[in-house]
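The structure appears right after this line, and notes come after that.
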Amino acid sequence: MSEASTYQTLRGHLGTLRLAAAAEALPAELERASAEKLSHTAFLERLLAKEVEATLARRQTSLARFACLPSPSRISDFDFSAQPSVDQALVRELASLRFLEDATNILLIGPPGVGKTMLAVGLGWAAVEAGYRVHYTTASDLAARCHKAALEGRWASVMHFYAGPRLLIVDEVGYLPLAGEAAAALFQVVTRRYLKGSIALTTNLGVSSWGKIFDDPMVAAAMLDRLLHHSVVFNINGDSYRMRAHRARAEATRRAVAP
Ligand code: ADP
Ligand code: MG
């Protein structure tokens with residue numbers, strides 16, 4: 001076979017194997033191999049490295065899309081000095097993602113604006129970037145999705161969906177009461193994931209008030225039992241970060257007006 005036809009056959013092989021990035025890099029890598037007198041092994045390694053790079057980037061994009069994280073906030077963006085009630089060392093330990101290995105849950109409890117969502121989302125991004133499947137939902141979206149699935153006879157598949165991700169973030173538990181079917185949905189998700197996959201849950205209600213979110217106190221107790229069994233709990237009791245920024249701006253304005 002002539003060199004040219006071997007080249008064409010090789011392009012064909014790469015196409016059949018759907019190695020598009022390698023196919024695209026082929027001419028440049030061949031040229032480089034002869035210019036740098038690379039061994040066959042070194043050439044092949046470089047070529048396949050291009051394909052691996054493209055595959056990882058694609059996987060990353062799809063993990064990020066699946067995660068549905070509502071903001072780009074990372075743990076490194078969190079201002080720990082603004083929130084002394086948050087144990088920085090503990091957050092850094094969680095960011096190592098060891099908690100995902102034994103399905104430890106994370107409960108972030110505190111009033112609005114103290115950074116509960118930001119911390120959960122930051123851990124979510126850390127997990128996505130490490131290649132884990134993560135999914136973010138609010139408690140009310142979870143309830144709505146389960147309700148719709150129940151109407152359409154897809155209860156089993158929606159439960160399967162919420163059991164899947166390595167980390168499930170359930171934000172804003174307690175803002176709206178979860179009665180009947182909605183409570184049952186969250187309860188089942190918690191039960192299915194128990195000891196299998198981590199949940200990071202944020203709530204404005206201390207655990208002693210959980211009876212108020214769910215109309216059935218037994219459901220609340222059973223759910224808390226499973227959530228807390230293997231868990232890290234943050235009780236964040238500082239000022240709202242939004243209010244803090246707002247106060248600082250108001251203060252600056254006041255000083256400018258009446259020095
Ligand atoms: P919560 O979920 O507790 O209501 P959020 O996480 O939504 O609070 O935080 C409210 C806003 O303040 C967000 O824009 C968030 O990024 C910001 N924020 C809160 N705490 C901090 C912090 N410690 N450092 C930087 N930004 C913060
Ligand atoms: Mg929030």
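Letters A, B, ... go to the chains of the structure tokens in the order shown; residues in each chain start at 1; ligands are counted from 1 in the same order.
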* Protein and nucleic acid residues within 8 Å of ligand 2 (only C-alpha atoms and all ligand atoms) as a PyMOL selection string -> chain A and resi 112-113+115-118+171-172+202
* To do: Could the residues that lie within 7 Å of ligand 1, counting only C-alpha atoms and all ligand atoms, be listed as a PyMOL selection string?
  => chain A and resi 73+77-80+82-83+110-119+240-242
Now that the selection is made, can you save its residues with C-alpha atoms as a compact mmCIF listing (two decimals), in the first residue's frame?
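Output file out.txt is given in full below:
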```
# COMPACT_ATOMS: atom_id res chain seq x y z
CA SER A 73 -19.95 29.76 42.91
CA ASP A 77 -15.35 32.20 46.42
CA PHE A 78 -16.80 31.77 49.90
CA ASP A 79 -15.73 34.53 52.27
CA PHE A 80 -15.20 32.65 55.55
CA ALA A 82 -17.93 37.04 56.77
CA GLN A 83 -19.42 33.89 58.29
CA GLY A 110 -29.66 28.60 58.92
CA PRO A 111 -31.72 31.69 58.12
CA PRO A 112 -31.91 33.14 54.57
CA GLY A 113 -28.83 34.73 53.04
CA VAL A 114 -26.12 33.11 55.14
CA GLY A 115 -24.57 31.14 52.25
CA LYS A 116 -26.23 27.71 52.57
CA THR A 117 -26.93 27.43 48.85
CA MET A 118 -23.51 28.84 47.98
CA LEU A 119 -21.73 26.19 50.07
CA SER A 240 -27.33 37.49 55.94
CA TYR A 241 -24.51 38.18 53.47
CA ARG A 242 -26.88 40.17 51.25
```
* To do: Can you pull out every residue within 12 Å of range 152-167 of chain A, counting only C-alpha atoms, but drop anything in the same chain fewer than 6 positions away, and send it as number ranges by chain?
  => A: 63, 66-69, 97-106, 120-121, 123-128, 130-137, 142-146, 181, 184-201
Go through range 122-191 of chain A and flag each residue having an atom no more than 6 Å from range 204-223 of chain A; for those, report the closest pair of atoms plus their distance in Å to one decimal, using only C-alpha atoms, ordered by chain and rising number, as a Markdown table.
```
| residue | atom | partner | partner_atom | distance |
| --- | --- | --- | --- | --- |
| A:Gly174 | CA | A:Ile213 | CA | 5.4 |
| A:Pro177 | CA | A:Ile213 | CA | 4.6 |
| A:Leu178 | CA | A:Phe214 | CA | 5.4 |
| A:Ala179 | CA | A:Asp215 | CA | 5.6 |
| A:Phe187 | CA | A:Met223 | CA | 5.9 |
```
* What is the CA of Glu3 in chain A to CA of Leu48 in chain A distance in Å? -> 20.9 Å
* Counting only C-alpha atoms, the option among A:Glu129, A:Gln8, A:Val91, A:Met1 closest to Ser62 in chain A ->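 Once distances to Ser62 in chain A are computed over only C-alpha atoms, the minimum belongs to A:Glu129.
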I'd like the contact shell of range 9-21 of chain A - 7 Å cut-off, only C-alpha atoms, skipping same-chain residues fewer than 5 positions apart - returned as a short mmCIF file (atom, residue, chain, number, x, y, z; two decimals) with N, CA, C and O atoms, in the first residue's frame.
```
data_model
loop_
_atom_site.label_atom_id
_atom_site.label_comp_id
_atom_site.auth_asym_id
_atom_site.auth_seq_id
_atom_site.Cartn_x
_atom_site.Cartn_y
_atom_site.Cartn_z
N LYS A 50 -4.83 13.29 22.55
CA LYS A 50 -5.77 14.30 22.02
C LYS A 50 -7.21 13.81 22.16
O LYS A 50 -8.11 14.56 22.52
N GLU A 51 -7.39 12.53 21.84
CA GLU A 51 -8.74 11.97 21.90
C GLU A 51 -9.22 11.89 23.35
O GLU A 51 -10.37 12.21 23.65
N ALA A 54 -10.27 15.30 24.57
CA ALA A 54 -11.58 15.70 24.04
C ALA A 54 -12.70 14.93 24.73
O ALA A 54 -13.75 15.50 25.05
#
```
* All strand (DSSP E or B) residues (DSSP, backbone) inside range 10-257 of chain A, as an MDAnalysis selection string -> chainID A and resid 105:109 134:138 167:173 178 198:203 214 231:235
* Asked: Between A:Leu38, A:Glu93, A:Leu107, A:Arg74, which is the closest to Arg226 in chain A once you count only C-alpha atoms?
  ->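 Closest to Arg226 in chain A, using only C-alpha atoms: A:Leu107.
In this structure, CA of Ile236 in chain A sits 5.6 Å away from CA of Ser85 in chain A.
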* Could you pull out the alpha helix (DSSP H) residues of range 28-224 of chain A from DSSP and send them as number ranges by chain? -> A: 28-35, 40-67, 88-95, 116-129, 139-151, 155-163, 180-193, 210-213, 217-224
